[in-house]
>>> print(open('upload-v9.pdb').read())   # PDB, C-alpha atoms
ATOM      1  CA  MET P   1      77.532  91.944  -8.785  1.00  0.00           C
ATOM      2  CA  LYS P   2      74.373  92.693  -6.792  1.00  0.00           C
ATOM      3  CA  LEU P   3      73.872  95.072  -3.888  1.00  0.00           C
ATOM      4  CA  GLN P   4      70.797  95.511  -1.720  1.00  0.00           C
ATOM      5  CA  CYS P   5      70.427  99.112  -0.649  1.00  0.00           C
ATOM      6  CA  GLU P   6      68.256 102.193  -0.405  1.00  0.00           C
ATOM      7  CA  VAL P   7      68.362 104.026  -3.750  1.00  0.00           C
ATOM      8  CA  GLU P   8      67.179 107.491  -4.645  1.00  0.00           C
ATOM      9  CA  VAL P   9      67.506 108.691  -8.226  1.00  0.00           C
ATOM     10  CA  ILE P  10      67.604 112.489  -8.320  1.00  0.00           C
ATOM     11  CA  ASN P  11      67.026 114.247 -11.622  1.00  0.00           C
ATOM     12  CA  ARG P  12      69.344 117.273 -11.706  1.00  0.00           C
ATOM     13  CA  MET P  13      67.201 119.004 -14.345  1.00  0.00           C
ATOM     14  CA  LEU P  14      64.078 119.330 -12.131  1.00  0.00           C
ATOM     15  CA  PRO P  15      65.107 122.618 -10.452  1.00  0.00           C
ATOM     16  CA  THR P  16      65.396 124.309 -13.864  1.00  0.00           C
ATOM     17  CA  TYR P  17      61.717 123.481 -14.444  1.00  0.00           C
ATOM     18  CA  GLY P  18      60.694 124.712 -10.986  1.00  0.00           C
ATOM     19  CA  MET P  19      60.006 121.197  -9.704  1.00  0.00           C
ATOM     20  CA  ARG P  20      61.306 119.332  -6.676  1.00  0.00           C
ATOM     21  CA  ASN P  21      62.280 115.730  -6.212  1.00  0.00           C
ATOM     22  CA  ARG P  22      60.262 113.362  -4.010  1.00  0.00           C
ATOM     23  CA  GLY P  23      63.151 113.159  -1.537  1.00  0.00           C
ATOM     24  CA  LYS P  24      62.687 109.570  -0.432  1.00  0.00           C
ATOM     25  CA  GLY P  25      64.674 106.495  -1.370  1.00  0.00           C
ATOM     26  CA  ALA P  26      63.331 103.024  -2.053  1.00  0.00           C
ATOM     27  CA  ARG P  27      64.654  99.596  -1.158  1.00  0.00           C
ATOM     28  CA  ALA P  28      66.278  98.178  -4.298  1.00  0.00           C
ATOM     29  CA  VAL P  29      68.681  95.670  -5.780  1.00  0.00           C
ATOM     30  CA  LEU P  30      71.505  97.330  -7.676  1.00  0.00           C
ATOM     31  CA  SER P  31      73.228  95.265 -10.382  1.00  0.00           C
ATOM     32  CA  ILE P  32      76.138  95.967 -12.681  1.00  0.00           C
ATOM     33  CA  GLY P  33      76.405  93.921 -15.838  1.00  0.00           C
ATOM     34  CA  ARG P  34      76.898  93.758 -19.585  1.00  0.00           C
ATOM     35  CA  HIS P  35      74.182  93.960 -22.204  1.00  0.00           C
ATOM     36  CA  LEU P  36      74.478  93.251 -25.927  1.00  0.00           C
ATOM     37  CA  ASP P  37      72.948  96.085 -27.934  1.00  0.00           C
ATOM     38  CA  LYS P  38      70.971  94.524 -30.805  1.00  0.00           C
ATOM     39  CA  ILE P  39      71.411  97.509 -33.114  1.00  0.00           C
ATOM     40  CA  THR P  40      75.141  98.210 -32.760  1.00  0.00           C
ATOM     41  CA  LYS P  41      76.143  94.652 -31.721  1.00  0.00           C
ATOM     42  CA  LEU P  42      78.352  96.080 -28.957  1.00  0.00           C
ATOM     43  CA  ASN P  43      78.572  95.016 -25.330  1.00  0.00           C
ATOM     44  CA  SER P  44      77.879  97.891 -22.964  1.00  0.00           C
ATOM     45  CA  ILE P  45      78.150  98.034 -19.196  1.00  0.00           C
ATOM     46  CA  TYR P  46      74.943  99.045 -17.425  1.00  0.00           C
ATOM     47  CA  LEU P  47      73.802  99.874 -13.908  1.00  0.00           C
ATOM     48  CA  MET P  48      70.379  98.338 -13.234  1.00  0.00           C
ATOM     49  CA  ILE P  49      68.125  99.351 -10.353  1.00  0.00           C
ATOM     50  CA  CYS P  50      65.202  97.026  -9.523  1.00  0.00           C
ATOM     51  CA  THR P  51      62.616  97.907  -6.864  1.00  0.00           C
ATOM     52  CA  LEU P  52      59.414  96.215  -5.723  1.00  0.00           C
ATOM     53  CA  LYS P  53      57.366  98.707  -7.766  1.00  0.00           C
ATOM     54  CA  ASP P  54      59.627  98.523 -10.837  1.00  0.00           C
ATOM     55  CA  LYS P  55      60.665  94.881 -11.088  1.00  0.00           C
ATOM     56  CA  ALA P  56      61.859  95.260 -14.699  1.00  0.00           C
ATOM     57  CA  GLY P  57      64.268  97.907 -13.435  1.00  0.00           C
ATOM     58  CA  SER P  58      65.828 101.088 -14.733  1.00  0.00           C
ATOM     59  CA  LYS P  59      69.034 100.801 -16.749  1.00  0.00           C
ATOM     60  CA  TYR P  60      71.758 103.429 -16.957  1.00  0.00           C
ATOM     61  CA  LYS P  61      74.731 103.143 -19.293  1.00  0.00           C
ATOM     62  CA  LEU P  62      78.043 103.457 -17.415  1.00  0.00           C
ATOM     63  CA  LYS P  63      80.801 103.447 -20.044  1.00  0.00           C
ATOM     64  CA  GLU P  64      82.059 107.041 -20.495  1.00  0.00           C
ATOM     65  CA  ASN P  65      78.918 108.246 -18.708  1.00  0.00           C
ATOM     66  CA  ILE P  66      80.093 108.637 -15.094  1.00  0.00           C
ATOM     67  CA  GLU P  67      80.702 112.264 -14.249  1.00  0.00           C
ATOM     68  CA  GLN P  68      81.749 111.796 -10.615  1.00  0.00           C
ATOM     69  CA  PHE P  69      81.729 109.397  -7.658  1.00  0.00           C
ATOM     70  CA  PHE P  70      81.010 110.778  -4.208  1.00  0.00           C
ATOM     71  CA  THR P  71      82.530 108.337  -1.709  1.00  0.00           C
ATOM     72  CA  ARG P  72      83.224 110.400   1.406  1.00  0.00           C
ATOM     73  CA  PHE P  73      80.822 108.277   3.493  1.00  0.00           C
ATOM     74  CA  VAL P  74      81.472 104.898   1.881  1.00  0.00           C
ATOM     75  CA  GLU P  75      82.463 103.423   5.274  1.00  0.00           C
ATOM     76  CA  ASP P  76      78.916 104.199   6.446  1.00  0.00           C
ATOM     77  CA  GLY P  77      77.421 102.399   3.428  1.00  0.00           C
ATOM     78  CA  LYS P  78      76.671 105.594   1.486  1.00  0.00           C
ATOM     79  CA  ALA P  79      77.770 106.751  -1.966  1.00  0.00           C
ATOM     80  CA  THR P  80      76.510 108.732  -4.947  1.00  0.00           C
ATOM     81  CA  VAL P  81      77.123 108.167  -8.638  1.00  0.00           C
ATOM     82  CA  ARG P  82      76.639 111.252 -10.837  1.00  0.00           C
ATOM     83  CA  LEU P  83      75.819 110.392 -14.447  1.00  0.00           C
ATOM     84  CA  LYS P  84      76.224 112.660 -17.472  1.00  0.00           C
ATOM     85  CA  GLU P  85      73.299 111.396 -19.563  1.00  0.00           C
ATOM     86  CA  PRO P  86      70.610 111.328 -18.276  1.00  0.00           C
ATOM     87  CA  ALA P  87      71.507 114.074 -15.802  1.00  0.00           C
ATOM     88  CA  VAL P  88      70.790 112.110 -12.615  1.00  0.00           C
ATOM     89  CA  ASP P  89      72.439 111.384  -9.287  1.00  0.00           C
ATOM     90  CA  VAL P  90      72.046 107.810  -8.036  1.00  0.00           C
ATOM     91  CA  CYS P  91      72.254 108.080  -4.241  1.00  0.00           C
ATOM     92  CA  LEU P  92      72.949 104.846  -2.374  1.00  0.00           C
ATOM     93  CA  SER P  93      72.585 104.250   1.354  1.00  0.00           C
ATOM     94  CA  LYS P  94      72.324 101.252   3.707  1.00  0.00           C
ATOM     95  CA  VAL P  95      74.432  99.231   1.263  1.00  0.00           C
ATOM     96  CA  TRP P  96      75.537  95.636   1.762  1.00  0.00           C
ATOM     97  CA  ASP P  97      76.667  92.929  -0.619  1.00  0.00           C
ATOM     98  CA  THR P  98      74.062  90.184  -1.156  1.00  0.00           C
ATOM     99  CA  GLU P  99      76.569  87.711  -2.588  1.00  0.00           C
ATOM    100  CA  GLN P 100      78.931  87.877   0.394  1.00  0.00           C
ATOM    101  CA  ASP P 101      76.430  89.163   2.996  1.00  0.00           C
ATOM    102  CA  VAL P 102      78.926  91.775   4.206  1.00  0.00           C
ATOM    103  CA  ARG P 103      77.231  94.628   6.027  1.00  0.00           C
ATOM    104  CA  PRO P 104      78.745  97.962   7.038  1.00  0.00           C
ATOM    105  CA  VAL P 105      79.706  98.408  10.662  1.00  0.00           C
ATOM    106  CA  GLN P 106      77.169 100.599  12.477  1.00  0.00           C
TER     107      GLN P 106
END
>>> encode(input="upload-v9.pdb", output="structure tokens")
Amino acid sequence: MKLQCEVEVINRMLPTYGMRNRGKGARAVLSIGRHLDKITKLNSIYLMICTLKDKAGSKYKLKENIEQFFTRFVEDGKATVRLKEPAVDVCLSKVWDTEQDVRPVQ
């Protein structure tokens, strides 16, 4: 499944080091899929975020790694996925499905 959206990855550990996040999202393609780990030979489910600057993408393991979903504004095309490890929040906005071309009602 692929989604085109604005993505901002917020590191929750930055405030403990006295740093702030950039505070701006980037246009990205969000994919969810399986990947065969060569070492353990197990299939794992990953969330992959590809942007124009990072075409190879960032991968985040999802199985037993999702701390919380924030879906209060899902009707507006917004959601947040809080991951345990690494301690990041993946904030999604302006989401629509590229495979079905379904856009949220504005």
>>> atom_distance(input="upload-v9.pdb", atom1="CA of Lys63 in chain P", atom2="CA of Glu75 in chain P")
25.4 Å
>>> residues_around(input="upload-v9.pdb", residues="range 38-53 of chain P", least_positions_apart="2", cutoff="9 Å", atoms="all atoms listed in the file", output="PyMOL selection string")
chain P and resi 7+26-36+55-63
>>> residues_around(input="upload-v9.pdb", residues="Thr80 in chain P", least_positions_apart="6", cutoff="8 Å", atoms="all atoms listed in the file", output="short mmCIF file (atom, residue, chain, number, x, y, z; two decimals) with C-alpha atoms, in the coordinates of the input")
data_model
loop_
_atom_site.label_atom_id
_atom_site.label_comp_id
_atom_site.auth_asym_id
_atom_site.auth_seq_id
_atom_site.Cartn_x
_atom_site.Cartn_y
_atom_site.Cartn_z
CA PHE P 69 81.73 109.40 -7.66
CA PHE P 70 81.01 110.78 -4.21
CA THR P 71 82.53 108.34 -1.71
CA ASP P 89 72.44 111.38 -9.29
CA VAL P 90 72.05 107.81 -8.04
CA CYS P 91 72.25 108.08 -4.24
CA LEU P 92 72.95 104.85 -2.37
#
>>> closest_residue(input="upload-v9.pdb", among="P:Asp37, P:Tyr17, P:Val9, P:Val95", to="Val81 in chain P", atoms="all atoms listed in the file")
P:Val9
>>> atom_distance(input="upload-v9.pdb", atom1="CA of Val74 in chain P", atom2="CA of Cys5 in chain P")
12.7 Å
>>> atom_distance(input="upload-v9.pdb", atom1="CA of Phe73 in chain P", atom2="CA of Glu85 in chain P")
24.5 Å
>>> closest_residue(input="upload-v9.pdb", among="P:Asn11, P:Arg82, P:Met19, P:Gly77", to="Lys94 in chain P", atoms="all atoms listed in the file")
P:Gly77
>>> axis_aligned_box(input="upload-v9.pdb", around="range 1-9 of chain P", padding_each_side="4 Å", output="JSON")
{"center_x": 72.4, "center_y": 100.3, "center_z": -4.6, "size_x": 18.4, "size_y": 24.7, "size_z": 16.4}
>>> closest_residue(input="upload-v9.pdb", among="P:Asp54, P:Ser93, P:Ala87, P:Glu64", to="Met13 in chain P", atoms="only C-alpha atoms")
P:Ala87
>>> resolve_selection(input="upload-v9.pdb", expression="the PyMOL selection byres ((chain P and resi 22) around 10)", output="PyMOL selection string")
chain P and resi 8-10+19-21+23-25
>>> build_atoms(input="upload-v9.pdb", residues="range 57-68 of chain P", atoms="all heavy atoms", output="short mmCIF file (atom, residue, chain, number, x, y, z; two decimals), in the coordinates of the input")
data_model
loop_
_atom_site.label_atom_id
_atom_site.label_comp_id
_atom_site.auth_asym_id
_atom_site.auth_seq_id
_atom_site.Cartn_x
_atom_site.Cartn_y
_atom_site.Cartn_z
N GLY P 57 63.09 97.13 -13.75
CA GLY P 57 64.27 97.91 -13.44
C GLY P 57 64.53 99.05 -14.39
O GLY P 57 64.02 99.09 -15.51
N SER P 58 65.35 99.97 -13.93
CA SER P 58 65.83 101.09 -14.73
C SER P 58 67.28 100.83 -15.06
O SER P 58 68.06 100.46 -14.18
CB SER P 58 65.71 102.40 -13.96
OG SER P 58 64.39 102.62 -13.58
N LYS P 59 67.66 101.03 -16.33
CA LYS P 59 69.03 100.80 -16.75
C LYS P 59 69.70 102.12 -17.09
O LYS P 59 69.09 102.98 -17.72
CB LYS P 59 69.09 99.88 -17.98
CG LYS P 59 68.74 98.46 -17.69
CD LYS P 59 69.15 97.52 -18.79
CE LYS P 59 68.58 97.90 -20.12
NZ LYS P 59 68.81 96.88 -21.15
N TYR P 60 70.95 102.25 -16.66
CA TYR P 60 71.76 103.43 -16.96
C TYR P 60 73.09 102.96 -17.52
O TYR P 60 73.77 102.13 -16.91
CB TYR P 60 71.99 104.27 -15.69
CG TYR P 60 70.71 104.76 -15.07
CD1 TYR P 60 70.15 104.10 -13.98
CD2 TYR P 60 70.07 105.89 -15.56
CE1 TYR P 60 68.99 104.56 -13.41
CE2 TYR P 60 68.90 106.35 -15.00
CZ TYR P 60 68.36 105.68 -13.92
OH TYR P 60 67.20 106.13 -13.36
N LYS P 61 73.46 103.49 -18.67
CA LYS P 61 74.73 103.14 -19.29
C LYS P 61 75.86 103.75 -18.47
O LYS P 61 75.78 104.90 -18.04
CB LYS P 61 74.77 103.67 -20.73
CG LYS P 61 75.90 103.15 -21.53
CD LYS P 61 75.77 103.58 -22.98
CE LYS P 61 76.92 103.01 -23.77
NZ LYS P 61 76.81 103.38 -25.18
N LEU P 62 76.94 102.99 -18.25
CA LEU P 62 78.04 103.46 -17.42
C LEU P 62 79.29 103.85 -18.20
O LEU P 62 80.01 104.75 -17.80
CB LEU P 62 78.42 102.39 -16.39
CG LEU P 62 77.40 102.13 -15.28
CD1 LEU P 62 77.93 101.06 -14.34
CD2 LEU P 62 77.08 103.39 -14.53
N LYS P 63 79.56 103.20 -19.32
CA LYS P 63 80.80 103.45 -20.04
C LYS P 63 80.83 104.88 -20.57
O LYS P 63 79.96 105.30 -21.32
CB LYS P 63 80.96 102.46 -21.20
CG LYS P 63 82.32 102.55 -21.84
CD LYS P 63 82.53 101.43 -22.81
CE LYS P 63 83.94 101.50 -23.36
NZ LYS P 63 84.23 100.38 -24.22
N GLU P 64 81.85 105.64 -20.14
CA GLU P 64 82.06 107.04 -20.50
C GLU P 64 80.85 107.91 -20.15
O GLU P 64 80.57 108.89 -20.82
CB GLU P 64 82.40 107.16 -21.98
CG GLU P 64 83.68 106.46 -22.34
CD GLU P 64 83.97 106.51 -23.83
OE1 GLU P 64 83.18 107.08 -24.59
OE2 GLU P 64 85.01 105.95 -24.22
N ASN P 65 80.12 107.51 -19.10
CA ASN P 65 78.92 108.25 -18.71
C ASN P 65 78.95 108.65 -17.24
O ASN P 65 78.03 109.30 -16.77
CB ASN P 65 77.67 107.40 -19.00
CG ASN P 65 76.40 108.22 -18.94
OD1 ASN P 65 76.41 109.41 -19.20
ND2 ASN P 65 75.31 107.57 -18.58
N ILE P 66 80.00 108.28 -16.51
CA ILE P 66 80.09 108.64 -15.09
C ILE P 66 80.82 109.97 -14.98
O ILE P 66 81.96 110.10 -15.40
CB ILE P 66 80.82 107.55 -14.29
CG1 ILE P 66 80.03 106.25 -14.34
CG2 ILE P 66 81.02 108.00 -12.85
CD1 ILE P 66 80.72 105.09 -13.72
N GLU P 67 80.10 110.94 -14.42
CA GLU P 67 80.70 112.26 -14.25
C GLU P 67 81.55 112.32 -12.99
O GLU P 67 82.65 112.85 -12.99
CB GLU P 67 79.59 113.32 -14.18
CG GLU P 67 80.09 114.74 -14.19
CD GLU P 67 78.94 115.72 -14.28
OE1 GLU P 67 77.96 115.44 -14.99
OE2 GLU P 67 79.03 116.77 -13.61
N GLN P 68 81.02 111.74 -11.88
CA GLN P 68 81.75 111.80 -10.62
C GLN P 68 81.20 110.76 -9.64
O GLN P 68 80.02 110.42 -9.67
CB GLN P 68 81.58 113.20 -10.02
CG GLN P 68 82.47 113.49 -8.86
CD GLN P 68 82.41 114.96 -8.45
OE1 GLN P 68 81.70 115.75 -9.05
NE2 GLN P 68 83.14 115.30 -7.42
#
